[in-house]
Each structure stands twice: as structure tokens, then as C-alpha cells.
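start21.txt follows (compact mmCIF, C-alpha atoms):
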# COMPACT_ATOMS: atom_id res chain seq x y z
CA MET A 1056 -56.94 110.00 -181.25
CA ARG A 1057 -53.75 110.84 -179.38
CA HIS A 1058 -54.16 114.57 -180.04
CA THR A 1059 -57.65 114.65 -178.47
CA HIS A 1060 -56.88 112.25 -175.63
CA ALA A 1061 -56.17 113.70 -172.16
CA VAL A 1062 -54.72 111.49 -169.43
CA VAL A 1063 -55.15 112.46 -165.79
CA ILE A 1064 -52.72 110.87 -163.32
CA GLY A 1065 -54.49 110.69 -159.97
CA GLY A 1066 -58.15 110.15 -159.11
CA GLY A 1067 -58.46 112.54 -156.18
CA ILE A 1068 -60.61 115.64 -156.02
CA GLY A 1069 -58.36 117.74 -158.25
CA GLY A 1070 -57.83 115.00 -160.80
CA LEU A 1071 -61.52 114.14 -161.10
CA THR A 1072 -62.48 117.81 -161.40
CA ALA A 1073 -59.89 118.27 -164.13
CA ALA A 1074 -61.23 115.24 -165.96
CA ILE A 1075 -64.76 116.65 -165.90
CA ALA A 1076 -63.55 120.07 -167.04
CA LEU A 1077 -61.55 118.64 -169.94
CA HIS A 1078 -64.34 116.25 -170.94
CA ARG A 1079 -66.68 119.23 -171.14
CA ARG A 1080 -64.12 120.95 -173.37
CA GLY A 1081 -64.14 118.12 -175.89
CA TRP A 1082 -61.32 115.86 -174.71
CA SER A 1083 -61.53 112.10 -174.51
CA VAL A 1084 -60.41 111.62 -170.90
CA THR A 1085 -58.79 108.73 -169.03
CA VAL A 1086 -58.17 108.98 -165.27
CA LEU A 1087 -55.49 106.65 -163.93
CA GLU A 1088 -55.70 105.94 -160.19
CA ARG A 1089 -53.14 103.79 -158.39
CA ALA A 1090 -55.54 102.71 -155.61
CA THR A 1091 -57.95 99.84 -156.13
CA ALA A 1092 -60.95 102.14 -155.59
CA LEU A 1093 -61.76 105.83 -155.43
CA ALA A 1094 -61.50 105.80 -151.65
CA PRO A 1095 -60.34 109.31 -150.73
CA VAL A 1096 -57.58 109.78 -148.20
CA GLY A 1097 -58.75 112.10 -145.46
CA ALA A 1098 -61.88 112.93 -143.57
CA ALA A 1099 -63.74 116.06 -144.65
CA ILE A 1100 -63.17 119.06 -146.87
CA GLY A 1101 -64.45 122.60 -146.60
CA LEU A 1102 -65.51 124.13 -149.89
CA ALA A 1103 -65.39 127.92 -149.77
CA PRO A 1104 -67.34 130.13 -152.20
CA ASN A 1105 -64.35 130.35 -154.56
CA SER A 1106 -64.30 126.61 -155.29
CA GLN A 1107 -68.11 126.51 -155.43
CA ARG A 1108 -68.01 129.08 -158.22
CA ALA A 1109 -65.45 126.91 -159.97
CA LEU A 1110 -67.79 123.94 -159.61
CA ASP A 1111 -70.58 126.05 -161.10
CA VAL A 1112 -68.64 126.03 -164.36
CA ILE A 1113 -68.92 122.24 -164.56
CA GLY A 1114 -72.50 122.14 -163.29
CA LEU A 1115 -71.94 120.91 -159.73
CA GLY A 1116 -71.97 124.08 -157.61
CA ASP A 1117 -75.64 124.01 -156.64
CA ARG A 1118 -75.50 120.33 -155.71
CA VAL A 1119 -72.65 121.05 -153.36
CA ARG A 1120 -74.39 124.05 -151.78
CA THR A 1121 -77.31 121.90 -150.68
CA LEU A 1122 -74.87 120.13 -148.34
CA ALA A 1123 -74.08 123.26 -146.30
CA ALA A 1124 -74.57 122.58 -142.58
CA TRP A 1125 -73.30 125.80 -140.96
CA GLN A 1126 -76.32 128.06 -140.55
CA GLY A 1127 -75.69 129.98 -137.32
CA ASP A 1128 -72.69 131.33 -135.51
CA GLY A 1129 -69.29 129.94 -134.64
CA GLY A 1130 -65.79 131.21 -134.18
CA MET A 1131 -62.54 130.92 -132.27
CA ARG A 1132 -62.12 130.01 -128.59
CA THR A 1133 -59.50 129.57 -125.91
CA PRO A 1134 -58.93 126.09 -124.39
CA ARG A 1135 -61.13 127.05 -121.42
CA GLY A 1136 -63.95 128.00 -123.76
CA ARG A 1137 -63.81 131.80 -123.85
CA TRP A 1138 -64.74 133.16 -127.26
CA ILE A 1139 -61.92 135.01 -128.99
CA ALA A 1140 -63.86 135.88 -132.13
CA ARG A 1141 -67.38 135.17 -133.31
CA LEU A 1142 -68.32 134.47 -136.91
CA ASP A 1143 -71.75 134.33 -138.48
CA ALA A 1144 -72.64 132.12 -141.44
CA ARG A 1145 -74.87 134.79 -142.96
CA ALA A 1146 -72.21 137.49 -142.75
CA THR A 1147 -69.67 135.13 -144.30
CA ALA A 1148 -72.02 134.26 -147.16
CA GLU A 1149 -72.85 137.91 -147.79
CA ARG A 1150 -69.20 138.93 -147.88
CA TYR A 1151 -68.03 136.18 -150.21
CA GLY A 1152 -71.15 135.38 -152.20
CA GLY A 1153 -71.96 131.97 -150.77
CA PRO A 1154 -71.86 129.64 -147.77
CA LEU A 1155 -69.03 127.51 -146.47
CA VAL A 1156 -69.85 123.89 -147.27
CA LEU A 1157 -68.23 121.16 -145.20
CA LEU A 1158 -68.69 117.62 -146.50
CA HIS A 1159 -66.99 114.27 -146.32
CA ARG A 1160 -64.40 113.79 -149.04
CA ALA A 1161 -66.09 110.54 -150.07
CA THR A 1162 -69.29 112.47 -150.81
CA LEU A 1163 -67.48 114.93 -153.05
CA VAL A 1164 -65.50 112.20 -154.82
CA GLY A 1165 -68.79 110.41 -155.52
CA LEU A 1166 -70.35 113.53 -157.02
CA LEU A 1167 -67.33 114.08 -159.24
CA ALA A 1168 -67.00 110.47 -160.37
CA ASP A 1169 -70.69 110.34 -161.30
CA ALA A 1170 -70.19 113.30 -163.65
CA LEU A 1171 -67.66 111.40 -165.78
CA PRO A 1172 -68.47 109.03 -168.66
CA ASP A 1173 -68.54 105.32 -167.88
CA GLY A 1174 -65.11 103.79 -168.15
CA ALA A 1175 -63.23 107.08 -167.83
CA VAL A 1176 -61.68 106.09 -164.49
CA ARG A 1177 -59.24 103.18 -164.34
CA THR A 1178 -58.39 102.14 -160.79
CA ALA A 1179 -55.54 99.85 -159.69
CA THR A 1180 -53.51 101.44 -162.47
CA ALA A 1181 -50.13 102.88 -161.58
CA ALA A 1182 -48.98 105.49 -164.08
CA THR A 1183 -45.57 106.95 -164.86
CA LEU A 1184 -44.84 109.88 -167.14
CA THR A 1185 -42.15 108.69 -169.55
CA ASP A 1186 -42.23 111.55 -172.08
CA PRO A 1187 -43.71 115.00 -171.41
CA GLY A 1188 -44.22 115.51 -175.12
CA ALA A 1189 -43.42 118.45 -177.39
CA PRO A 1190 -45.16 120.43 -180.15
CA ASP A 1191 -44.31 117.68 -182.65
CA ARG A 1192 -45.06 114.64 -180.50
CA PRO A 1193 -47.60 113.51 -177.88
CA ALA A 1194 -46.83 112.91 -174.23
CA VAL A 1195 -46.48 109.29 -173.12
CA VAL A 1196 -47.71 107.77 -169.87
CA THR A 1197 -46.70 104.20 -169.09
CA THR A 1198 -49.10 101.84 -167.29
CA PRO A 1199 -48.98 98.11 -166.50
CA ASP A 1200 -51.15 97.60 -169.58
CA GLY A 1201 -48.76 99.48 -171.84
CA PRO A 1202 -48.08 103.08 -172.88
CA LEU A 1203 -50.75 105.71 -173.48
CA GLU A 1204 -50.16 108.62 -175.83
CA ALA A 1205 -51.88 111.90 -174.97
CA GLY A 1206 -52.23 115.37 -176.33
CA LEU A 1207 -52.46 116.58 -172.73
CA VAL A 1208 -51.46 115.05 -169.39
CA VAL A 1209 -52.69 116.37 -166.05
CA ALA A 1210 -50.52 115.40 -163.09
CA ALA A 1211 -52.77 115.34 -160.03
CA ASP A 1212 -50.67 112.77 -158.20
CA GLY A 1213 -50.44 114.53 -154.88
CA ILE A 1214 -47.87 116.03 -152.58
CA ASN A 1215 -45.29 113.32 -153.33
CA SER A 1216 -45.84 113.69 -157.07
CA ALA A 1217 -43.48 111.53 -159.12
CA THR A 1218 -44.48 113.54 -162.17
CA ARG A 1219 -43.30 116.76 -160.55
CA ARG A 1220 -39.92 115.17 -159.82
CA THR A 1221 -39.67 114.05 -163.45
CA LEU A 1222 -40.47 117.51 -164.80
CA PHE A 1223 -38.44 119.49 -162.25
CA PRO A 1224 -35.73 117.17 -160.89
CA ASP A 1225 -33.74 120.02 -159.30
CA HIS A 1226 -36.64 121.36 -157.23
CA PRO A 1227 -36.33 120.56 -153.49
CA GLY A 1228 -39.97 119.50 -153.13
CA PRO A 1229 -42.25 120.10 -150.15
CA ALA A 1230 -40.74 121.07 -146.79
CA TYR A 1231 -41.89 120.01 -143.32
CA SER A 1232 -43.95 122.69 -141.60
CA GLY A 1233 -43.00 121.74 -138.04
CA TYR A 1234 -46.38 120.38 -137.07
CA THR A 1235 -48.61 117.35 -137.47
CA THR A 1236 -52.40 116.98 -137.77
CA TRP A 1237 -55.10 114.56 -136.67
CA ARG A 1238 -58.52 114.24 -138.33
CA LEU A 1239 -61.64 112.25 -137.61
CA VAL A 1240 -65.31 111.97 -138.56
CA ILE A 1241 -67.74 110.34 -136.13
CA PRO A 1242 -71.43 110.65 -135.18
CA ALA A 1243 -71.88 113.91 -133.31
CA PRO A 1244 -72.02 113.20 -129.55
CA GLY A 1245 -74.49 116.08 -129.13
CA PRO A 1246 -75.26 119.60 -130.35
CA PHE A 1247 -72.41 122.11 -130.34
CA THR A 1248 -71.37 125.41 -131.86
CA PRO A 1249 -68.71 125.16 -134.58
CA HIS A 1250 -65.37 126.37 -133.34
CA GLU A 1251 -61.62 126.38 -133.71
CA THR A 1252 -59.77 126.56 -130.42
CA TRP A 1253 -56.22 127.90 -130.16
CA GLY A 1254 -53.84 126.97 -127.35
CA PRO A 1255 -50.07 127.14 -126.99
CA GLY A 1256 -48.49 125.10 -129.77
CA ARG A 1257 -51.72 123.35 -130.72
CA LEU A 1258 -55.29 123.84 -131.86
CA TRP A 1259 -58.54 121.90 -132.16
CA GLY A 1260 -61.55 122.33 -134.47
CA SER A 1261 -65.06 120.80 -134.31
CA HIS A 1262 -67.57 121.31 -137.13
CA PRO A 1263 -70.94 119.71 -137.98
CA LEU A 1264 -71.65 117.84 -141.20
CA LYS A 1265 -75.07 117.85 -142.86
CA ASP A 1266 -75.52 114.12 -142.19
CA GLY A 1267 -75.33 114.46 -138.40
CA ARG A 1268 -71.66 113.61 -138.01
CA VAL A 1269 -68.92 115.83 -136.67
CA TYR A 1270 -65.63 116.58 -138.38
CA ALA A 1271 -62.88 117.29 -135.86
CA TYR A 1272 -59.23 118.05 -136.41
CA ALA A 1273 -56.23 118.89 -134.29
CA MET A 1274 -52.82 120.34 -134.99
CA ALA A 1275 -49.69 120.47 -132.84
CA THR A 1276 -46.00 121.09 -133.16
CA ALA A 1277 -44.03 117.85 -133.35
CA PRO A 1278 -40.88 116.38 -134.90
CA ALA A 1279 -41.39 114.95 -138.37
CA GLY A 1280 -42.23 111.27 -138.58
CA VAL A 1281 -43.09 110.72 -134.92
CA ARG A 1282 -46.12 108.52 -134.23
CA ALA A 1283 -47.85 107.42 -131.04
CA ASP A 1284 -48.69 103.81 -130.26
CA ASP A 1285 -52.23 105.03 -129.53
CA GLU A 1286 -53.27 108.26 -131.24
CA LYS A 1287 -56.41 108.60 -129.12
CA ALA A 1288 -54.28 108.53 -126.00
CA GLU A 1289 -51.97 111.10 -127.59
CA LEU A 1290 -54.90 113.44 -128.27
CA LEU A 1291 -56.21 112.96 -124.74
CA ARG A 1292 -52.80 113.90 -123.40
CA ARG A 1293 -52.47 117.00 -125.55
CA PHE A 1294 -56.05 118.29 -125.16
CA GLN A 1295 -56.86 117.26 -121.60
CA GLY A 1296 -59.08 119.81 -119.88
CA TRP A 1297 -60.13 121.66 -123.02
CA HIS A 1298 -63.73 122.87 -123.30
CA ASP A 1299 -66.81 120.97 -124.52
CA PRO A 1300 -67.44 119.29 -126.94
CA ILE A 1301 -63.78 118.24 -127.19
CA PRO A 1302 -63.90 115.75 -124.26
CA ALA A 1303 -67.11 114.16 -125.60
CA ILE A 1304 -65.62 113.77 -129.09
CA LEU A 1305 -62.45 112.20 -127.74
CA ASP A 1306 -64.49 109.90 -125.53
CA ALA A 1307 -66.57 108.74 -128.52
CA VAL A 1308 -63.81 108.18 -131.09
CA ARG A 1309 -61.85 104.96 -131.53
CA SER A 1310 -58.12 105.03 -132.15
CA ASP A 1311 -58.57 103.40 -135.57
CA GLU A 1312 -60.88 106.24 -136.63
CA ILE A 1313 -58.14 108.84 -136.22
CA LEU A 1314 -55.95 109.87 -139.16
CA ARG A 1315 -52.59 111.47 -138.52
CA HIS A 1316 -50.37 113.19 -141.08
CA ASP A 1317 -47.37 115.45 -140.89
CA VAL A 1318 -47.86 118.70 -142.79
CA HIS A 1319 -45.52 119.51 -145.66
CA PHE A 1320 -45.82 122.47 -148.00
CA MET A 1321 -44.21 123.96 -151.09
CA LYS A 1322 -41.90 126.43 -149.36
CA VAL A 1323 -40.00 126.98 -152.62
CA PRO A 1324 -42.42 127.61 -155.51
CA LEU A 1325 -42.04 125.72 -158.75
CA PRO A 1326 -40.77 127.73 -161.72
CA ALA A 1327 -43.88 126.75 -163.70
CA PHE A 1328 -46.92 124.50 -163.45
CA HIS A 1329 -46.29 122.92 -166.84
CA ARG A 1330 -43.67 121.45 -169.08
CA GLY A 1331 -44.20 120.01 -172.52
CA ARG A 1332 -47.76 118.75 -172.73
CA VAL A 1333 -48.05 118.20 -168.95
CA ALA A 1334 -49.86 120.39 -166.41
CA LEU A 1335 -49.34 120.03 -162.65
CA LEU A 1336 -52.37 120.52 -160.45
CA GLY A 1337 -53.25 120.71 -156.74
CA ASP A 1338 -50.77 119.40 -154.18
CA ALA A 1339 -48.47 118.24 -156.96
CA ALA A 1340 -48.03 121.90 -157.92
CA HIS A 1341 -48.50 123.92 -154.74
CA ALA A 1342 -48.96 121.85 -151.58
CA MET A 1343 -50.01 124.18 -148.77
CA GLN A 1344 -50.62 124.08 -145.06
CA PRO A 1345 -54.25 123.47 -144.03
CA THR A 1346 -54.57 126.62 -141.94
CA LEU A 1347 -56.69 128.43 -144.56
CA ALA A 1348 -58.51 125.23 -145.60
CA GLN A 1349 -57.68 126.02 -149.23
CA GLY A 1350 -55.72 122.99 -150.46
CA GLY A 1351 -58.66 121.22 -152.07
CA ASN A 1352 -60.26 124.51 -153.07
CA GLN A 1353 -57.19 125.54 -155.02
CA ALA A 1354 -57.02 122.16 -156.74
CA ILE A 1355 -60.61 122.65 -157.92
CA GLU A 1356 -59.76 126.15 -159.12
CA ASP A 1357 -56.73 124.75 -160.99
CA ALA A 1358 -58.85 122.15 -162.74
CA VAL A 1359 -61.54 124.54 -163.93
CA VAL A 1360 -59.03 127.19 -165.04
CA LEU A 1361 -57.09 124.54 -166.96
CA GLY A 1362 -60.31 123.59 -168.74
CA GLN A 1363 -60.91 127.25 -169.48
CA TYR A 1364 -57.59 127.60 -171.29
CA ALA A 1365 -57.40 124.18 -172.92
CA PRO A 1366 -60.39 123.22 -175.06
CA VAL A 1367 -59.67 120.38 -177.44
CA GLY A 1368 -57.98 121.66 -180.58
CA ILE A 1369 -56.14 124.52 -178.88
CA ASP A 1370 -52.37 124.92 -179.09
CA VAL A 1371 -51.62 123.03 -175.87
CA HIS A 1372 -48.28 124.72 -175.23
CA ARG A 1373 -49.86 128.14 -175.51
CA ALA A 1374 -52.73 127.05 -173.26
CA LEU A 1375 -50.46 125.62 -170.57
CA ALA A 1376 -48.32 128.75 -170.55
CA ALA A 1377 -51.49 130.74 -169.88
CA TYR A 1378 -52.44 128.28 -167.13
CA THR A 1379 -49.10 128.83 -165.38
CA VAL A 1380 -49.39 132.61 -165.68
CA ASP A 1381 -52.87 132.48 -164.17
CA ARG A 1382 -52.32 129.97 -161.36
CA LEU A 1383 -48.70 130.28 -160.19
CA PRO A 1384 -48.88 133.78 -158.64
CA ARG A 1385 -52.23 133.16 -156.94
CA THR A 1386 -51.37 129.83 -155.40
CA THR A 1387 -47.88 130.96 -154.36
CA ALA A 1388 -49.42 133.84 -152.42
CA ILE A 1389 -51.91 131.52 -150.72
CA VAL A 1390 -49.18 129.01 -149.84
CA ARG A 1391 -47.27 131.83 -148.12
CA GLN A 1392 -50.34 133.19 -146.36
CA ALA A 1393 -51.21 129.70 -145.05
CA ALA A 1394 -47.64 129.33 -143.76
CA ARG A 1395 -47.92 132.62 -141.87
CA ALA A 1396 -51.22 131.49 -140.39
CA GLY A 1397 -49.60 128.21 -139.34
CA ARG A 1398 -46.83 130.02 -137.50
CA LEU A 1399 -49.39 132.19 -135.72
CA ALA A 1400 -51.60 129.25 -134.77
CA THR A 1401 -48.77 127.16 -133.35
CA LEU A 1402 -47.02 129.71 -131.14
CA GLY A 1403 -45.57 127.45 -128.47
CA SER A 1404 -45.14 129.77 -125.52
CA ALA A 1405 -48.21 130.00 -123.26
CA PRO A 1406 -47.66 133.72 -122.48
CA VAL A 1407 -47.14 134.56 -126.15
CA ALA A 1408 -50.22 132.52 -127.13
CA ALA A 1409 -52.25 134.38 -124.50
CA VAL A 1410 -51.16 137.73 -125.95
CA ARG A 1411 -52.05 136.48 -129.44
CA ASN A 1412 -55.53 135.46 -128.29
CA SER A 1413 -56.08 138.77 -126.50
CA LEU A 1414 -55.10 140.74 -129.58
CA MET A 1415 -57.40 138.66 -131.77
CA ALA A 1416 -60.25 139.16 -129.31
CA ALA A 1417 -59.66 142.92 -129.34
CA VAL A 1418 -59.66 143.05 -133.13
CA SER A 1419 -62.83 140.96 -133.37
CA ARG A 1420 -64.77 143.57 -131.39
CA PHE A 1421 -64.79 145.72 -134.52
CA GLY A 1422 -67.08 143.15 -136.16
CA PRO A 1423 -66.87 139.89 -138.13
CA GLY A 1424 -65.64 141.71 -141.23
CA ILE A 1425 -62.30 142.36 -139.54
CA VAL A 1426 -61.84 138.66 -138.78
CA LEU A 1427 -62.93 137.60 -142.26
CA ARG A 1428 -60.66 140.07 -144.01
CA GLY A 1429 -57.88 137.49 -144.18
CA PHE A 1430 -59.92 135.61 -146.78
CA ASP A 1431 -60.39 138.62 -149.04
CA GLY A 1432 -58.84 137.84 -152.39
CA ILE A 1433 -59.22 134.11 -151.70
CA ALA A 1434 -62.86 133.24 -151.02
CA ASP A 1435 -64.16 135.97 -153.34
CA TRP A 1436 -62.31 134.59 -156.40
CA ALA A 1437 -64.31 133.85 -159.55
CA PRO A 1438 -63.23 131.79 -162.59
CA PRO A 1439 -62.13 133.57 -165.78
CA ALA A 1440 -65.58 132.91 -167.26
CA PRO A 1441 -68.78 131.64 -165.61
CA THR A 1442 -69.14 128.85 -168.16
CA TYR A 1443 -67.04 127.32 -170.91
CA ALA A 1444 -67.62 128.73 -174.36
CA ALA A 1445 -67.91 125.53 -176.40
CA ASP A 1446 -67.04 127.20 -179.70
CA SER A 1447 -64.27 129.52 -178.46
CA HIS A 1448 -60.56 128.76 -178.37
CA ASP A 1449 -59.59 132.28 -177.38
CA LEU A 1450 -57.39 132.90 -174.34
CA PRO A 1451 -57.64 136.09 -172.26
CA GLU A 1452 -55.23 138.55 -173.86
CA GLN A 1453 -53.39 139.35 -170.61
CA HIS A 1454 -52.29 135.72 -170.35
CA ILE A 1455 -50.82 135.33 -173.83
CA THR A 1456 -48.81 138.51 -174.32
CA ASN A 1457 -45.04 138.38 -173.85
CA ARG A 1458 -45.04 134.57 -173.81
In C-alpha cells, write the structure found in this file.
Amino acid sequence: MRHTHAVVIGGGIGGLTAAIALHRRGWSVTVLERATALAPVGAAIGLAPNSQRALDVIGLGDRVRTLAAWQGDGGMRTPRGRWIARLDARATAERYGGPLVLLHRATLVGLLADALPDGAVRTATAATLTDPGAPDRPAVVTTPDGPLEAGLVVAADGINSATRRTLFPDHPGPAYSGYTTWRLVIPAPGPFTPHETWGPGRLWGSHPLKDGRVYAYAMATAPAGVRADDEKAELLRRFQGWHDPIPAILDAVRSDEILRHDVHFMKVPLPAFHRGRVALLGDAAHAMQPTLAQGGNQAIEDAVVLGQYAPVGIDVHRALAAYTVDRLPRTTAIVRQAARAGRLATLGSAPVAAVRNSLMAAVSRFGPGIVLRGFDGIADWAPPAPTYAADSHDLPEQHITNR
């Protein structure tokens, strides 16, 4: 049993997707979640066409696409409301092969959990990796109920991953980006055009959800660890006088509906995404800034690619080496691109920010394709194969040579 048993540490979006992928590849899967329920941390998540194609592999892509709310135009604005760049949902879908789907994280977690066998998820179960395993022995994960042996362990335990520290104790871990974020989901106070608004040292975004709510987020430079006594008052102070619908959203939200988190990212890449019989996934492997909205998307990609390389019965060490070769270069590049976008978005000087906005407005006049070009190579990604081949244990040749 231990050689066909996969243990997933962490019941977030990446961990649940990995569990589905491995279950479909023949593994007996157990998901260990520390929290008492699968209550996702966060507000909403944007699923770009790349992660939707990954979800197609496990049969959930079309269900997610039905939740797309953005049908018209949108874009980037200045705090006074002037449009810097306009984007069109149809042009975006045509360029990248699908729509952008924005949905509440709880909705996505529910879809993923429902795709797993009954009893696969164990909540209120803290898990610690005590042995990463080797070719001649299983990995061991310790829980309050005793140890679990596994032929494969997936560490999806988030940005503060204890498993990552166990596997790579000399790695410095995520670094502070220099800015903090606020997020909220409330009933939409009225119709509005989706937008992201850039000011000096801060930005705001407002986007509709399919269920009639609005997902709003803000970002601003700030010292690490600083918190306001009243986060609504802090947002009012920082975004006073900005264009509609920002005042209406701030008027409608309660302080206890606002989430605030400092942004950390993997400034120094890991040397690998695996060790022994353990694979790191999502924020545990490559935490990134939210400026490209790719953190959750990349976790979903990780999970499906891992399933591609690791059907039950495969040489796990060979499969995990292929997983690292596939995922490490791609995610490292996206982490760096998101960091560059974060620096651009949070330029603190008002004159410099004005020049930035003017340049972006000038570039956007050449058409939406110029603005979207930054997502080329990201949103147009496709998984190694459109579906899992149930009877194939072959790995793509380019990922197994020179191992």
C-alpha cells in the first residue's frame, strides 16, 4: 500500500488539484489539512487560460469557464479616472484561447473537493515530513494520529512551508516585496467597468464576479508587519478622491470584511522542486507577487504537470526530476516578471508615476495586443498532454536525458 499511497500536505487550491491529478493517475490519495475545514484564505482568484487548460486535463475546465463574468471591456486608469489602456474580453480570449475567469476561492475549493473520493481529505490534521524517503524506502509524514508512509508526498503547505525548510534548510526563504495588499468581496454597489487603477506608490482594482459581487484589491508600499487599527479607515486615507466605483466600494465594506497581507516572494529560486520522494508545489516552491495574478494559476499547472509525470508505478525519483526540469525554469521566470511588474506598479514618486502612466497610454494606442503582450508565454501555456494516458508511464524525452 505504501508504494501506491500519495500524501498531500495542504488542502488549498494547489494541494487539492494535485490530489485529483494523482488520484486520476492511480494513486490512493490522502490530503492532510491543518485547518478544521477547507475554508480558503483569501477572497477571489483569477484563472487565466493556462490554468483552465490544466483543469481540462482533470475534467474541470469547462465547469470553471461557465463562471466567467468579464464579457465587455476594461483596462487601466489613473486615480482621476482617465483610461490609460483599454482591454477587451473578446480580444483577450482570442489571443490566449479562452476567457479570464474570476471566482471566489471558496467556489473553486468546493469544485476541487467534490472531485475527490469520500474520505480523501482529513481536516484538523497537522502534518510534518519526518523522512523524505529514498529509492529503497517510503517517505514518512507524521500526524497526531501516527505516521503515514507514502510512495509520494506533495508539499502544498504554502508560502511558509515547513516542508520546504526541512528539504532545503540553507535556503533563505521568501523575501518581503516592500508592499502590502488588501482584498475584499462584497455585493456590488452598482454597475461598473472592470479596472485596475495606478497611482503613485499604490494601486486599486475592482472586478465583477458572476454572482453579483465585486472583488476589489489594493496594493501600497509599506514597511513589513505594519497594521492599522482600522483597515477601512486606512484604505479611505490612501485612496481618498479616487474615481468611481472606489468610493462606493469603500463606503459599502465593513472593516472586518477586509483582508490584509504583506507580500513576500521567492527572490532566490530553490535549487529543485523535489528531494527524495517529495515534490514541492505552488507557494511552497515559488511564491510570487500578485501583480500578474499567476500564483494560483501556477500551482494548478504544477499539480497537473506532476500528475503527468507521476502515474502510479513510475520510478518516482525519475518522475520528480522531470517535474523539476519542467517547472523550475518556467516558474522562476514568472516570479521575476511579477517582481518587475510590482516595481513598476508601485513607483512612489508622483512625477515618475505620471510619466509611467503617459508612456503606458501611448503604447496602448497601438492596440490591445501591445498591452497583452506581457502575458505571452504565460497565459498561452498548455500542459504536456491534453489528457493523462492511463496506460502510459513514458516521460517526454527532453525531460529525462542527462539526468
(message) Just checking: using all atoms listed in the file, which residue out of A:Gly1206, A:Pro1326, A:Pro1345, A:Gly1260 ends up closest to A:Val1367?
(response)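 Among the listed residues, A:Gly1206 lies closest to A:Val1367.
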Hey, can I get the axis-aligned box for stretch 1172-1181 of chain A? All listed atoms, 3 Å padding on each side, centre and edge lengths in Å to one decimal, as AutoDock Vina command-line options.
--center_x -59.3 --center_y 104.4 --center_z -164.2 --size_x 24.4 --size_y 15.2 --size_z 15.0
- Polymer residues at most 8 Å from A:Ala1394, all atoms listed in the file, same-chain spacing of 5 or more positions, as a list in words: Ser1232, Met1343, Gln1344 and Thr1346 of chain A
Among A:Asp1306, A:Asp1212, A:Asp1191, A:Asp1285, A:Ala1243 is approached most closely, using only C-alpha atoms, by A:Asp1306
With distances taken over all atoms listed in the file, which residue among A:Arg1257, A:Pro1134, A:Gln1349, A:Pro1242 lies nearest A:Ser1404?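 The closest residue to A:Ser1404 is A:Arg1257.
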What separates atom CA of A:Trp1125 and atom CA of A:Phe1430 is a distance of 17.6 Å
Find the residues near stretch 1216-1223 of chain A: any atom within 7 Å, counting only C-alpha atoms, skip ones fewer than 3 places away on the same chain, and give them as a PyMOL selection string. chain A and resi 1184+1210+1212-1213+1226+1330+1339
Can you pull out the residues contacting A:Val1208? Cut-off 10 Å, using all atoms listed in the file, and skip same-chain residues under 6 positions away; I want them as a count of residues only. 21
As a check of understanding: the span from atom CA of A:Val1176 to atom CA of A:Ala1074 is 9.3 Å
